[in-house]
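Undergrad: See coords_38.txt below, with compact mmCIF, C-alpha atoms and all ligand atoms.
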# COMPACT_ATOMS: atom_id res chain seq x y z
CA MET K 1 -86.83 75.25 -88.69
CA ARG K 2 -90.60 74.86 -88.67
CA THR K 3 -93.13 72.96 -86.55
CA GLN K 4 -96.79 73.13 -85.61
CA VAL K 5 -96.40 73.96 -81.90
CA GLY K 6 -93.20 75.60 -80.64
CA ILE K 7 -92.79 74.93 -76.92
CA VAL K 8 -90.49 77.13 -74.85
CA GLY K 9 -89.42 75.18 -71.76
CA GLY K 10 -88.74 71.50 -71.12
CA GLY K 11 -90.15 71.17 -67.60
CA PRO K 12 -93.14 68.98 -66.84
CA ALA K 13 -95.58 71.33 -68.64
CA GLY K 14 -93.66 71.60 -71.93
CA LEU K 15 -92.69 67.94 -72.07
CA LEU K 16 -96.14 66.68 -71.20
CA LEU K 17 -97.72 68.89 -73.85
CA SER K 18 -95.28 67.64 -76.46
CA HIS K 19 -96.10 64.04 -75.49
CA LEU K 20 -99.91 64.51 -75.52
CA LEU K 21 -99.78 66.40 -78.84
CA HIS K 22 -97.75 63.57 -80.34
CA LEU K 23 -100.49 61.11 -79.33
CA GLN K 24 -102.89 63.27 -81.35
CA GLY K 25 -100.56 63.35 -84.35
CA ILE K 26 -99.55 66.98 -83.76
CA GLU K 27 -95.89 67.99 -84.17
CA SER K 28 -93.94 70.08 -81.71
CA VAL K 29 -90.40 71.14 -80.84
CA VAL K 30 -89.32 71.76 -77.24
CA LEU K 31 -86.60 74.35 -76.55
CA GLU K 32 -84.97 74.02 -73.13
CA LEU K 33 -82.26 76.26 -71.74
CA ARG K 34 -80.87 73.72 -69.26
CA SER K 35 -79.05 70.45 -69.92
CA ARG K 36 -80.83 67.12 -69.81
CA LYS K 37 -78.79 66.20 -66.72
CA THR K 38 -79.85 69.31 -64.82
CA LEU K 39 -83.52 68.72 -65.66
CA GLU K 40 -83.30 65.12 -64.53
CA THR K 41 -81.60 65.78 -61.20
CA GLU K 42 -83.03 69.08 -59.95
CA ILE K 43 -84.98 68.43 -56.75
CA ARG K 44 -88.45 69.93 -56.82
CA ALA K 45 -91.79 69.06 -55.26
CA GLY K 46 -93.21 65.58 -55.21
CA VAL K 47 -96.95 65.37 -54.55
CA LEU K 48 -99.09 64.33 -57.52
CA GLU K 49 -102.85 64.80 -57.42
CA GLN K 50 -105.08 61.91 -58.41
CA GLY K 51 -105.92 63.61 -61.73
CA THR K 52 -102.21 64.06 -62.53
CA THR K 53 -101.37 60.39 -61.93
CA ASP K 54 -104.47 59.31 -63.87
CA LEU K 55 -103.36 61.38 -66.87
CA LEU K 56 -99.78 60.06 -66.75
CA VAL K 57 -101.02 56.47 -66.62
CA LYS K 58 -103.67 56.98 -69.31
CA SER K 59 -101.17 58.58 -71.69
CA GLY K 60 -98.57 55.83 -71.23
CA VAL K 61 -95.91 57.56 -69.10
CA GLY K 62 -97.01 56.28 -65.70
CA GLU K 63 -95.39 52.88 -65.63
CA ARG K 64 -92.35 53.70 -63.42
CA MET K 65 -94.43 56.03 -61.25
CA TRP K 66 -96.84 53.17 -60.75
CA ARG K 67 -93.99 50.93 -59.56
CA GLU K 68 -91.88 53.40 -57.58
CA GLY K 69 -94.30 56.10 -56.41
CA ALA K 70 -96.00 55.77 -53.03
CA VAL K 71 -99.77 56.19 -52.87
CA HIS K 72 -100.87 58.05 -49.72
CA HIS K 73 -104.47 58.00 -48.51
CA GLY K 74 -104.14 60.65 -45.82
CA ILE K 75 -102.06 63.50 -44.40
CA ASN K 76 -101.45 64.65 -40.82
CA LEU K 77 -101.91 68.10 -39.36
CA GLN K 78 -99.92 68.68 -36.17
CA PHE K 79 -100.58 71.55 -33.75
CA SER K 80 -100.73 72.24 -29.99
CA GLY K 81 -99.01 68.92 -29.31
CA ARG K 82 -101.71 66.99 -31.22
CA ARG K 83 -101.49 65.10 -34.49
CA GLU K 84 -104.73 64.66 -36.42
CA ARG K 85 -105.16 62.71 -39.63
CA ILE K 86 -107.14 63.91 -42.64
CA ASP K 87 -108.50 60.81 -44.35
CA LEU K 88 -108.14 61.96 -47.96
CA SER K 89 -109.45 58.75 -49.51
CA GLY K 90 -112.24 58.20 -46.98
CA LEU K 91 -113.51 61.74 -47.55
CA THR K 92 -113.08 62.02 -51.32
CA GLY K 93 -112.42 58.56 -52.78
CA ARG K 94 -109.15 60.00 -54.13
CA ALA K 95 -105.49 59.70 -53.13
CA ILE K 96 -102.14 61.39 -53.81
CA THR K 97 -98.89 59.87 -55.08
CA LEU K 98 -95.42 60.81 -53.81
CA TYR K 99 -93.10 60.80 -56.82
CA GLY K 100 -90.47 63.49 -57.48
CA GLN K 101 -91.12 66.02 -60.22
CA HIS K 102 -87.71 65.29 -61.74
CA GLU K 103 -88.71 61.63 -62.01
CA VAL K 104 -91.79 62.67 -64.03
CA VAL K 105 -89.48 64.78 -66.20
CA LYS K 106 -87.11 61.81 -66.69
CA ASP K 107 -90.01 59.58 -67.79
CA LEU K 108 -91.32 62.21 -70.21
CA ILE K 109 -87.92 62.90 -71.78
CA ARG K 110 -87.27 59.21 -72.36
CA THR K 111 -90.75 58.67 -73.84
CA ARG K 112 -90.43 61.66 -76.18
CA LEU K 113 -86.95 60.75 -77.38
CA ASP K 114 -87.92 57.10 -77.91
CA ALA K 115 -90.80 58.31 -80.10
CA GLY K 116 -88.43 60.48 -82.16
CA GLY K 117 -89.61 63.70 -80.49
CA ARG K 118 -87.52 66.85 -80.87
CA ILE K 119 -86.25 68.32 -77.58
CA LEU K 120 -83.37 70.78 -77.97
CA PHE K 121 -81.44 70.96 -74.69
CA GLU K 122 -79.22 73.94 -73.87
CA ALA K 123 -81.25 75.97 -76.35
CA GLY K 124 -82.19 79.31 -74.81
CA ALA K 125 -85.08 81.27 -76.29
CA THR K 126 -84.05 84.91 -76.74
CA GLY K 127 -87.29 86.39 -78.07
CA LEU K 128 -90.81 85.63 -79.30
CA HIS K 129 -91.96 87.48 -82.44
CA ASP K 130 -95.11 88.04 -84.52
CA LEU K 131 -97.27 86.53 -81.79
CA ASP K 132 -100.37 88.22 -83.17
CA SER K 133 -99.79 86.81 -86.67
CA ARG K 134 -100.54 83.36 -88.14
CA GLU K 135 -96.86 82.41 -88.09
CA PRO K 136 -95.18 83.37 -84.84
CA ARG K 137 -91.40 82.88 -84.49
CA ILE K 138 -89.15 81.91 -81.61
CA ARG K 139 -85.54 83.12 -81.76
CA PHE K 140 -83.13 80.96 -79.79
CA GLN K 141 -79.44 80.32 -79.25
CA LYS K 142 -77.78 76.94 -79.38
CA ASP K 143 -74.08 76.15 -79.52
CA GLY K 144 -73.29 79.86 -79.73
CA GLU K 145 -75.44 80.37 -82.84
CA GLU K 146 -78.75 82.16 -83.41
CA HIS K 147 -81.63 80.10 -84.78
CA GLU K 148 -85.29 80.61 -85.53
CA LEU K 149 -88.26 78.28 -85.04
CA ARG K 150 -91.37 79.16 -87.03
CA CYS K 151 -94.65 77.65 -85.88
CA ASP K 152 -98.46 77.93 -85.80
CA PHE K 153 -98.58 78.41 -82.03
CA VAL K 154 -96.07 79.23 -79.29
CA VAL K 155 -96.46 77.74 -75.82
CA GLY K 156 -94.62 79.58 -73.04
CA ALA K 157 -93.81 76.90 -70.47
CA ASP K 158 -90.51 78.46 -69.43
CA GLY K 159 -91.21 79.22 -65.79
CA PHE K 160 -91.51 82.39 -63.78
CA HIS K 161 -88.22 83.88 -65.05
CA GLY K 162 -88.61 82.86 -68.71
CA VAL K 163 -88.91 85.10 -71.78
CA SER K 164 -92.52 84.18 -72.61
CA ARG K 165 -94.56 86.21 -70.12
CA PRO K 166 -92.62 89.47 -70.69
CA SER K 167 -93.24 89.01 -74.44
CA ILE K 168 -96.87 89.96 -73.83
CA PRO K 169 -97.05 93.77 -74.09
CA PRO K 170 -97.48 95.28 -70.60
CA GLN K 171 -100.78 96.93 -71.58
CA ALA K 172 -102.18 93.51 -72.58
CA ARG K 173 -101.57 91.79 -69.22
CA THR K 174 -102.38 92.30 -65.53
CA GLU K 175 -100.21 90.73 -62.83
CA TYR K 176 -101.37 89.88 -59.31
CA GLU K 177 -98.75 89.17 -56.67
CA ARG K 178 -98.35 88.46 -52.99
CA LYS K 179 -94.97 87.87 -51.34
CA TYR K 180 -94.82 86.00 -48.04
CA PRO K 181 -92.37 87.14 -45.36
CA PHE K 182 -90.67 83.74 -45.06
CA GLY K 183 -89.09 80.95 -47.08
CA TRP K 184 -88.86 77.17 -46.85
CA PHE K 185 -85.60 75.49 -45.91
CA GLY K 186 -85.66 72.11 -47.70
CA ILE K 187 -83.46 69.09 -47.05
CA LEU K 188 -83.05 65.64 -48.58
CA VAL K 189 -82.04 63.00 -46.08
CA GLU K 190 -80.76 59.44 -46.34
CA ALA K 191 -82.98 57.80 -43.76
CA PRO K 192 -86.03 55.57 -43.47
CA PRO K 193 -89.40 57.39 -43.33
CA SER K 194 -90.33 58.98 -39.99
CA THR K 195 -94.06 58.37 -40.63
CA ASN K 196 -96.31 56.62 -43.14
CA GLU K 197 -97.98 59.85 -44.22
CA LEU K 198 -96.94 63.50 -44.55
CA ILE K 199 -96.99 65.76 -41.50
CA TYR K 200 -97.79 69.48 -41.84
CA ALA K 201 -96.95 71.07 -38.48
CA ASN K 202 -97.86 74.43 -36.99
CA HIS K 203 -95.47 75.31 -34.14
CA GLU K 204 -94.68 78.52 -32.34
CA ARG K 205 -91.14 78.37 -33.81
CA GLY K 206 -92.67 78.16 -37.29
CA PHE K 207 -94.03 75.69 -39.84
CA SER K 208 -92.41 72.37 -40.73
CA LEU K 209 -93.22 69.48 -43.07
CA VAL K 210 -92.16 65.86 -43.15
CA SER K 211 -92.41 64.30 -46.60
CA THR K 212 -90.77 61.42 -48.41
CA ARG K 213 -89.25 60.44 -51.74
CA SER K 214 -88.59 56.72 -51.32
CA PRO K 215 -88.06 54.17 -48.56
CA GLU K 216 -84.42 55.37 -48.39
CA ILE K 217 -84.70 59.14 -49.08
CA GLN K 218 -86.80 61.62 -47.08
CA ARG K 219 -87.74 65.23 -47.81
CA MET K 220 -88.28 67.74 -45.00
CA TYR K 221 -88.88 71.47 -44.87
CA PHE K 222 -89.09 74.17 -42.22
CA GLN K 223 -90.08 77.81 -42.36
CA CYS K 224 -87.08 80.15 -42.38
CA ASP K 225 -85.98 83.69 -43.18
CA PRO K 226 -86.10 83.94 -47.01
CA ASP K 227 -82.75 85.79 -47.00
CA ASP K 228 -81.00 83.20 -44.84
CA ASP K 229 -78.00 81.34 -46.23
CA ALA K 230 -78.56 77.56 -46.36
CA GLU K 231 -74.83 76.91 -46.00
CA ALA K 232 -74.80 78.82 -42.70
CA TRP K 233 -76.96 76.07 -41.19
CA SER K 234 -74.93 73.14 -39.82
CA ASP K 235 -76.54 69.70 -39.88
CA ASP K 236 -76.76 69.74 -36.07
CA ARG K 237 -78.61 73.03 -36.12
CA ILE K 238 -81.07 71.77 -38.75
CA TRP K 239 -81.88 68.66 -36.69
CA GLU K 240 -82.23 70.69 -33.52
CA GLU K 241 -84.78 72.93 -35.25
CA LEU K 242 -86.74 70.01 -36.73
CA HIS K 243 -86.85 68.18 -33.38
CA ALA K 244 -88.02 71.34 -31.62
CA ARG K 245 -90.87 71.81 -34.10
CA LEU K 246 -91.92 68.20 -34.66
CA ASP K 247 -91.23 65.85 -31.77
CA THR K 248 -94.34 64.95 -29.79
CA ARG K 249 -94.91 64.39 -26.08
CA ASP K 250 -95.68 60.72 -26.59
CA GLY K 251 -92.06 60.09 -27.60
CA TRP K 252 -92.36 60.21 -31.42
CA THR K 253 -89.28 61.80 -32.92
CA VAL K 254 -88.20 62.68 -36.44
CA THR K 255 -85.66 60.14 -37.77
CA GLU K 256 -82.25 61.66 -38.49
CA GLY K 257 -79.95 60.69 -41.33
CA LYS K 258 -77.27 62.07 -43.61
CA ILE K 259 -78.34 65.38 -45.18
CA ILE K 260 -77.47 65.10 -48.87
CA GLN K 261 -78.97 68.33 -50.15
CA LYS K 262 -80.17 71.62 -48.70
CA GLY K 263 -81.59 74.85 -50.07
CA ILE K 264 -84.03 77.72 -49.46
CA VAL K 265 -87.05 78.55 -51.59
CA ALA K 266 -88.86 81.89 -51.52
CA MET K 267 -92.64 81.93 -51.21
CA ARG K 268 -94.97 83.92 -53.41
CA SER K 269 -98.36 83.87 -55.05
CA PHE K 270 -98.49 85.23 -58.59
CA VAL K 271 -101.04 85.15 -61.42
CA VAL K 272 -100.97 86.84 -64.82
CA GLU K 273 -104.19 87.49 -66.71
CA PRO K 274 -104.92 86.57 -69.40
CA MET K 275 -102.77 83.49 -70.02
CA ARG K 276 -102.90 84.05 -73.76
CA TYR K 277 -101.80 86.75 -76.19
CA GLY K 278 -102.50 86.17 -79.89
CA ARG K 279 -100.92 82.82 -80.68
CA LEU K 280 -98.89 82.63 -77.45
CA PHE K 281 -100.29 80.44 -74.67
CA LEU K 282 -98.69 80.51 -71.21
CA ALA K 283 -98.73 77.35 -69.10
CA GLY K 284 -97.43 76.44 -65.63
CA ASP K 285 -95.08 78.69 -63.64
CA SER K 286 -94.73 81.24 -66.46
CA ALA K 287 -98.36 82.19 -65.74
CA HIS K 288 -98.79 81.44 -62.05
CA ILE K 289 -96.85 80.63 -58.89
CA VAL K 290 -98.39 79.28 -55.70
CA PRO K 291 -96.68 78.94 -52.32
CA PRO K 292 -95.75 75.26 -51.89
CA THR K 293 -97.92 74.55 -48.83
CA GLY K 294 -100.78 73.04 -50.84
CA ALA K 295 -98.44 71.03 -53.15
CA LYS K 296 -100.21 72.48 -56.18
CA GLY K 297 -97.40 73.84 -58.43
CA MET K 298 -96.81 70.98 -60.84
CA ASN K 299 -100.42 69.81 -60.66
CA LEU K 300 -101.62 73.20 -61.90
CA ALA K 301 -99.15 73.03 -64.79
CA VAL K 302 -100.51 69.61 -65.74
CA ALA K 303 -104.09 70.94 -65.60
CA ASP K 304 -103.16 73.84 -67.95
CA ILE K 305 -101.65 71.36 -70.37
CA GLN K 306 -104.76 69.20 -70.41
CA VAL K 307 -106.86 72.20 -71.37
CA LEU K 308 -104.32 73.37 -73.94
CA CYS K 309 -103.86 69.98 -75.56
CA ARG K 310 -107.56 69.63 -76.00
CA ALA K 311 -107.84 73.14 -77.45
CA LEU K 312 -104.99 72.52 -79.91
CA ALA K 313 -106.44 69.15 -80.89
CA GLY K 314 -109.76 70.92 -81.47
CA PHE K 315 -107.97 73.29 -83.83
CA TYR K 316 -105.97 70.72 -85.78
CA LEU K 317 -108.45 67.85 -85.90
CA TYR K 318 -111.80 69.65 -85.98
CA ASN K 319 -110.94 73.14 -87.18
CA ARG K 320 -112.37 74.63 -83.97
CA THR K 321 -110.96 77.76 -82.39
CA ASP K 322 -113.47 78.15 -79.54
CA LEU K 323 -111.43 76.16 -77.02
CA LEU K 324 -108.27 78.12 -77.85
CA GLU K 325 -110.21 81.31 -77.31
CA ARG K 326 -111.44 80.11 -73.93
CA TYR K 327 -108.12 78.60 -72.78
CA SER K 328 -107.24 81.41 -70.41
CA GLU K 329 -110.69 81.70 -68.89
CA ILE K 330 -110.94 77.94 -68.27
CA CYS K 331 -107.44 77.69 -66.73
CA LEU K 332 -107.77 80.81 -64.56
CA ARG K 333 -110.81 79.47 -62.75
CA ARG K 334 -108.74 76.54 -61.51
CA VAL K 335 -105.62 78.67 -60.96
CA TRP K 336 -107.44 81.07 -58.65
CA LYS K 337 -109.02 78.25 -56.68
CA ALA K 338 -105.60 76.63 -56.23
CA SER K 339 -104.14 80.04 -55.29
CA ARG K 340 -106.83 80.44 -52.68
CA PHE K 341 -106.19 76.95 -51.26
CA SER K 342 -102.40 77.42 -51.19
CA TRP K 343 -102.77 80.82 -49.52
CA TRP K 344 -105.18 79.32 -46.97
CA MET K 345 -102.90 76.38 -46.08
CA THR K 346 -99.97 78.80 -45.84
CA SER K 347 -101.91 81.17 -43.58
CA MET K 348 -103.08 78.38 -41.30
CA LEU K 349 -99.71 76.76 -40.80
CA HIS K 350 -96.98 79.43 -40.73
CA ARG K 351 -95.83 81.81 -38.08
CA PHE K 352 -96.53 85.43 -39.03
CA GLY K 353 -94.63 87.55 -36.46
CA ASP K 354 -95.59 87.68 -32.80
CA ASP K 355 -99.35 88.17 -32.99
CA PRO K 356 -100.94 85.91 -30.29
CA PHE K 357 -104.45 86.70 -31.61
CA GLN K 358 -103.55 85.39 -35.04
CA HIS K 359 -101.93 82.29 -33.54
CA ARG K 360 -105.11 81.51 -31.56
CA LEU K 361 -107.14 81.86 -34.78
CA GLN K 362 -104.80 79.41 -36.54
CA ILE K 363 -105.25 76.86 -33.76
CA ALA K 364 -109.03 77.31 -33.93
CA GLU K 365 -108.91 76.79 -37.69
CA LEU K 366 -106.82 73.62 -37.32
CA ASP K 367 -109.13 72.36 -34.56
CA TYR K 368 -112.14 73.01 -36.83
CA VAL K 369 -110.62 71.45 -39.94
CA THR K 370 -109.66 68.29 -38.05
CA SER K 371 -112.96 67.91 -36.15
CA SER K 372 -115.59 68.90 -38.73
CA ARG K 373 -116.26 66.42 -41.52
CA ALA K 374 -117.41 69.26 -43.78
CA ALA K 375 -114.22 71.28 -43.25
CA ALA K 376 -111.96 68.22 -43.56
CA THR K 377 -113.72 67.26 -46.80
CA SER K 378 -113.08 70.73 -48.21
CA LEU K 379 -109.37 70.41 -47.44
CA ALA K 380 -109.23 66.86 -48.83
CA GLU K 381 -111.11 67.79 -52.02
CA ASN K 382 -108.69 70.62 -52.75
CA TYR K 383 -105.59 68.68 -51.70
CA THR K 384 -106.31 65.65 -53.88
CA GLY K 385 -107.28 68.00 -56.73
CA LEU K 386 -110.52 69.61 -57.86
CA PRO K 387 -112.08 67.84 -60.83
CA MET K 388 -111.05 68.96 -64.30
CA GLU K 389 -113.74 71.24 -65.64
CA LEU K 390 -113.18 70.54 -69.30
CA ASP K 391 -116.63 69.26 -70.09
CA SER K 392 -118.63 71.30 -67.63
CA GLU K 393 -117.06 74.40 -69.20
CA LEU K 394 -118.74 73.71 -72.51
CA PRO K 395 -122.36 74.60 -73.20
CA ALA K 396 -124.50 71.42 -73.29
CA ARG K 397 -125.06 71.65 -77.04
CA GLU K 398 -121.30 71.54 -77.71
CA ARG K 399 -120.71 68.77 -75.23
CA GLU K 400 -122.88 66.53 -77.36
CA GLN K 401 -120.75 67.12 -80.43
CA THR K 402 -117.64 64.97 -80.70
CA ALA K 403 -115.15 66.59 -78.37
CA PRO K 404 -111.55 65.93 -79.35
CA SER K 405 -109.75 63.14 -77.54
CA ALA K 406 -109.66 61.67 -74.12
CA PHE K 407 -107.14 64.28 -72.93
C1 LIG K 501 -93.62 68.25 -50.79
C2 LIG K 501 -93.70 69.56 -51.19
C3 LIG K 501 -94.79 70.31 -50.85
O1 LIG K 501 -94.87 71.59 -51.24
C4 LIG K 501 -95.81 69.78 -50.08
O2 LIG K 501 -96.86 70.56 -49.75
C5 LIG K 501 -95.73 68.47 -49.68
C6 LIG K 501 -94.63 67.71 -50.03
C7 LIG K 501 -92.44 67.44 -51.19
O3 LIG K 501 -91.51 67.99 -51.78
O4 LIG K 501 -92.40 66.24 -50.87
Please express what this file holds, its structure, as structure tokens.

TA:
Amino acid sequence: MRTQVGIVGGGPAGLLLSHLLHLQGIESVVLELRSRKTLETEIRAGVLEQGTTDLLVKSGVGERMWREGAVHHGINLQFSGRRERIDLSGLTGRAITLYGQHEVVKDLIRTRLDAGGRILFEAGATGLHDLDSREPRIRFQKDGEEHELRCDFVVGADGFHGVSRPSIPPQARTEYERKYPFGWFGILVEAPPSTNELIYANHERGFSLVSTRSPEIQRMYFQCDPDDDAEAWSDDRIWEELHARLDTRDGWTVTEGKIIQKGIVAMRSFVVEPMRYGRLFLAGDSAHIVPPTGAKGMNLAVADIQVLCRALAGFYLYNRTDLLERYSEICLRRVWKASRFSWWMTSMLHRFGDDPFQHRLQIAELDYVTSSRAAATSLAENYTGLPMELDSELPAREREQTAPSAF
């Protein structure tokens, strides 16, 4: 089997790339280890930056998101018995949209299949070969048989545990990692929303977050031991913990409902440099992981894909290799800024042991961020998404030449 761009991984990054390439007339094949059903039902994060929603709408996959997603213009920070609102739209002119990642995946799969796109589900890549040649190969298994996909470029969008990153020789990559000493306990609840906008709460018992998926389904998280067993937590115990961390003195209380899903996620920061080796380009979680506190994971993957699509279009439509060569450098600038923001939000909101000095500093930081317009604007600018730096990355002379495509 042969194609122009072989994409390992059918999450939001791989599927979006395949869709955007198709709009440019560039062929791709997506190989995905999991089944379509698993991809479409797995509960992941749900906050889309303004730039992410703009891209989905502009490229024709935003119609259902537009109808079903909820646009939020602010978030709340809760600490020391106070709840303070950050006016995202008032400070930046931008907003966020609450729409589950698996819903984005559903929309992309349907759009690709309707357009005759090739997505091979339950096809597990086993190895990437000849990455430093002009015709790299992906070996994969499907239905118990070995197959090979030959292509011009390989895109590794197969997540943190995928085969792509380890295919870069160890001497050609540097990995940066920080593990956090806690996890997030996440639940999905059948209940009406407790608030109109998200609440990020710092409490002496630990962090918690109230989010939403729809008028009927709510998403909540609380800081926990990363080695804890989700099944060991009864529903009563979960509600007791959430009430203890969230309820306010003025009588506001988190709205209970039937818990329909629960699980624990570990927290880490991770970045690999560079994000390219020969004709392999890493995108999304295969190249970087952020702790979820800044809601940046999927948005960073989408930003990588925008840069990559433009670079590949430059190659195929204009015979340019400069953007491919600068892919890693352009992406890493954004990745490190998002890593910094996610680390900062995590540090400000979680409980790190019993250090009263550190807790006082956190409260001072929250007090500052919610009372200084400059500090609140910095949070809002990062939270709604830093601007894409595609054009500003190019020297002025090149910017004037026809740059490929709107994406
Ligand atoms: C959600 C997840 C996040 O990591 C976050 O910061 C906010 C909301 C969510 O799943 O809704």

Undergrad: For a quick check of understanding, using only C-alpha atoms, which of K:Thr248, K:Thr293, K:Gln306, K:Asn382 has the smallest distance to K:Ala266?

TA: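 Answer, going by the shortest atom-to-atom distance: K:Thr293.
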
Undergrad: Give me, as a PDB file with C-alpha atoms, keeping the file's coordinate frame, the set of residues whose atoms come within 7 Å of any atom of ligand LIG 501 (chain K), counting only C-alpha atoms and all ligand atoms.

TA:
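Saved the output as selection.pdb:
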ATOM      1  CA  ARG K  44     -88.450  69.930 -56.820  1.00  0.00           C
ATOM      2  CA  ALA K  45     -91.790  69.060 -55.260  1.00  0.00           C
ATOM      3  CA  GLY K  46     -93.210  65.580 -55.210  1.00  0.00           C
ATOM      4  CA  VAL K  47     -96.950  65.370 -54.550  1.00  0.00           C
ATOM      5  CA  LEU K  98     -95.420  60.810 -53.810  1.00  0.00           C
ATOM      6  CA  SER K 211     -92.410  64.300 -46.600  1.00  0.00           C
ATOM      7  CA  THR K 212     -90.770  61.420 -48.410  1.00  0.00           C
ATOM      8  CA  ARG K 213     -89.250  60.440 -51.740  1.00  0.00           C
ATOM      9  CA  ARG K 219     -87.740  65.230 -47.810  1.00  0.00           C
ATOM     10  CA  PRO K 292     -95.750  75.260 -51.890  1.00  0.00           C
ATOM     11  CA  THR K 293     -97.920  74.550 -48.830  1.00  0.00           C
ATOM     12  CA  GLY K 294    -100.780  73.040 -50.840  1.00  0.00           C
ATOM     13  CA  ALA K 295     -98.440  71.030 -53.150  1.00  0.00           C
TER      14      ALA K 295
END

Undergrad: Excluding K:Ser59 and residues on its chain fewer than 4 positions from it, collect all residues at most 12 Å away from it, counting only C-alpha atoms, and give them as a list in words.

TA: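 So, after excluding close chain neighbours, the residues are Leu16, Leu17, Ser18, His19, Leu20, Leu21, His22, Leu23, Gln24, Thr52, Thr53, Asp54, Leu55, Glu63, Asp107, Leu108, Thr111, Gln306, Ser405, Ala406 and Phe407 of chain K.
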
Undergrad: Please tell me which residues are no farther than 10 Å from (-77.9, 80.7, -80.2) in the file, counting all atoms listed in the file, and write them as a ChimeraX atom specification.

TA: /K:122-126,139-148

Undergrad: Of the candidates K:His161, K:Arg150, K:Arg351, K:Arg173, which shows the shortest atom-to-atom distance to K:Gly206, using only C-alpha atoms?

TA: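 Residue with the minimum atom-to-atom distance to K:Gly206: K:Arg351.
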
Undergrad: Nearest to K:Lys106: which of K:Leu366, K:Leu39, K:Ala70, K:Ile86 is it, counting only C-alpha atoms?

TA: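 Distance minimum relative to K:Lys106 lands on K:Leu39.
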
Undergrad: Work out how far apart atom CA of K:Gly100 and atom CA of K:Thr41 are and give it in Å to one decimal.

TA: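 It comes out at 9.9 Å.
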
Undergrad: Using all atoms listed in the file and a cutoff of 10 Å, can you tell me which residues are near (-87.1, 58.0, -40.2) in the file's coordinates, and write them out as a ChimeraX atom specification?

TA: /K:189-196,210,212,215-218,253-257

Undergrad: Generate a file of the selected residues that holds C-alpha atoms, formatted as an mmCIF file, in the frame of the given file.

TA:
data_model
loop_
_atom_site.group_PDB
_atom_site.id
_atom_site.type_symbol
_atom_site.label_atom_id
_atom_site.label_comp_id
_atom_site.auth_asym_id
_atom_site.auth_seq_id
_atom_site.Cartn_x
_atom_site.Cartn_y
_atom_site.Cartn_z
ATOM 1 C CA VAL K 189 -82.040 63.000 -46.080
ATOM 2 C CA GLU K 190 -80.760 59.440 -46.340
ATOM 3 C CA ALA K 191 -82.980 57.800 -43.760
ATOM 4 C CA PRO K 192 -86.030 55.570 -43.470
ATOM 5 C CA PRO K 193 -89.400 57.390 -43.330
ATOM 6 C CA SER K 194 -90.330 58.980 -39.990
ATOM 7 C CA THR K 195 -94.060 58.370 -40.630
ATOM 8 C CA ASN K 196 -96.310 56.620 -43.140
ATOM 9 C CA VAL K 210 -92.160 65.860 -43.150
ATOM 10 C CA THR K 212 -90.770 61.420 -48.410
ATOM 11 C CA PRO K 215 -88.060 54.170 -48.560
ATOM 12 C CA GLU K 216 -84.420 55.370 -48.390
ATOM 13 C CA ILE K 217 -84.700 59.140 -49.080
ATOM 14 C CA GLN K 218 -86.800 61.620 -47.080
ATOM 15 C CA THR K 253 -89.280 61.800 -32.920
ATOM 16 C CA VAL K 254 -88.200 62.680 -36.440
ATOM 17 C CA THR K 255 -85.660 60.140 -37.770
ATOM 18 C CA GLU K 256 -82.250 61.660 -38.490
ATOM 19 C CA GLY K 257 -79.950 60.690 -41.330
#

Undergrad: Could you give me stretch 319-327 of chain K completed to N, CA and C atoms, formatted as an mmCIF file, in the coordinates of the input?

TA:
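See selection_3.cif below for the written result:
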data_model
loop_
_atom_site.group_PDB
_atom_site.id
_atom_site.type_symbol
_atom_site.label_atom_id
_atom_site.label_comp_id
_atom_site.auth_asym_id
_atom_site.auth_seq_id
_atom_site.Cartn_x
_atom_site.Cartn_y
_atom_site.Cartn_z
ATOM 1 N N ASN K 319 -110.859 71.774 -86.673
ATOM 2 C CA ASN K 319 -110.940 73.140 -87.180
ATOM 3 C C ASN K 319 -111.722 74.067 -86.245
ATOM 4 N N ARG K 320 -111.630 73.802 -84.939
ATOM 5 C CA ARG K 320 -112.370 74.630 -83.970
ATOM 6 C C ARG K 320 -111.408 75.586 -83.287
ATOM 7 N N THR K 321 -111.823 76.813 -83.106
ATOM 8 C CA THR K 321 -110.960 77.760 -82.390
ATOM 9 C C THR K 321 -111.575 78.159 -81.038
ATOM 10 N N ASP K 322 -112.786 77.694 -80.763
ATOM 11 C CA ASP K 322 -113.470 78.150 -79.540
ATOM 12 C C ASP K 322 -112.714 77.767 -78.266
ATOM 13 N N LEU K 323 -112.122 76.565 -78.246
ATOM 14 C CA LEU K 323 -111.430 76.160 -77.020
ATOM 15 C C LEU K 323 -110.128 76.952 -76.844
ATOM 16 N N LEU K 324 -109.474 77.281 -77.945
ATOM 17 C CA LEU K 324 -108.270 78.120 -77.850
ATOM 18 C C LEU K 324 -108.657 79.491 -77.296
ATOM 19 N N GLU K 325 -109.777 79.992 -77.777
ATOM 20 C CA GLU K 325 -110.210 81.310 -77.310
ATOM 21 C C GLU K 325 -110.554 81.306 -75.830
ATOM 22 N N ARG K 326 -111.020 80.165 -75.336
ATOM 23 C CA ARG K 326 -111.440 80.110 -73.930
ATOM 24 C C ARG K 326 -110.377 79.516 -73.010
ATOM 25 N N TYR K 327 -109.183 79.244 -73.571
ATOM 26 C CA TYR K 327 -108.120 78.600 -72.780
ATOM 27 C C TYR K 327 -107.857 79.336 -71.475
#
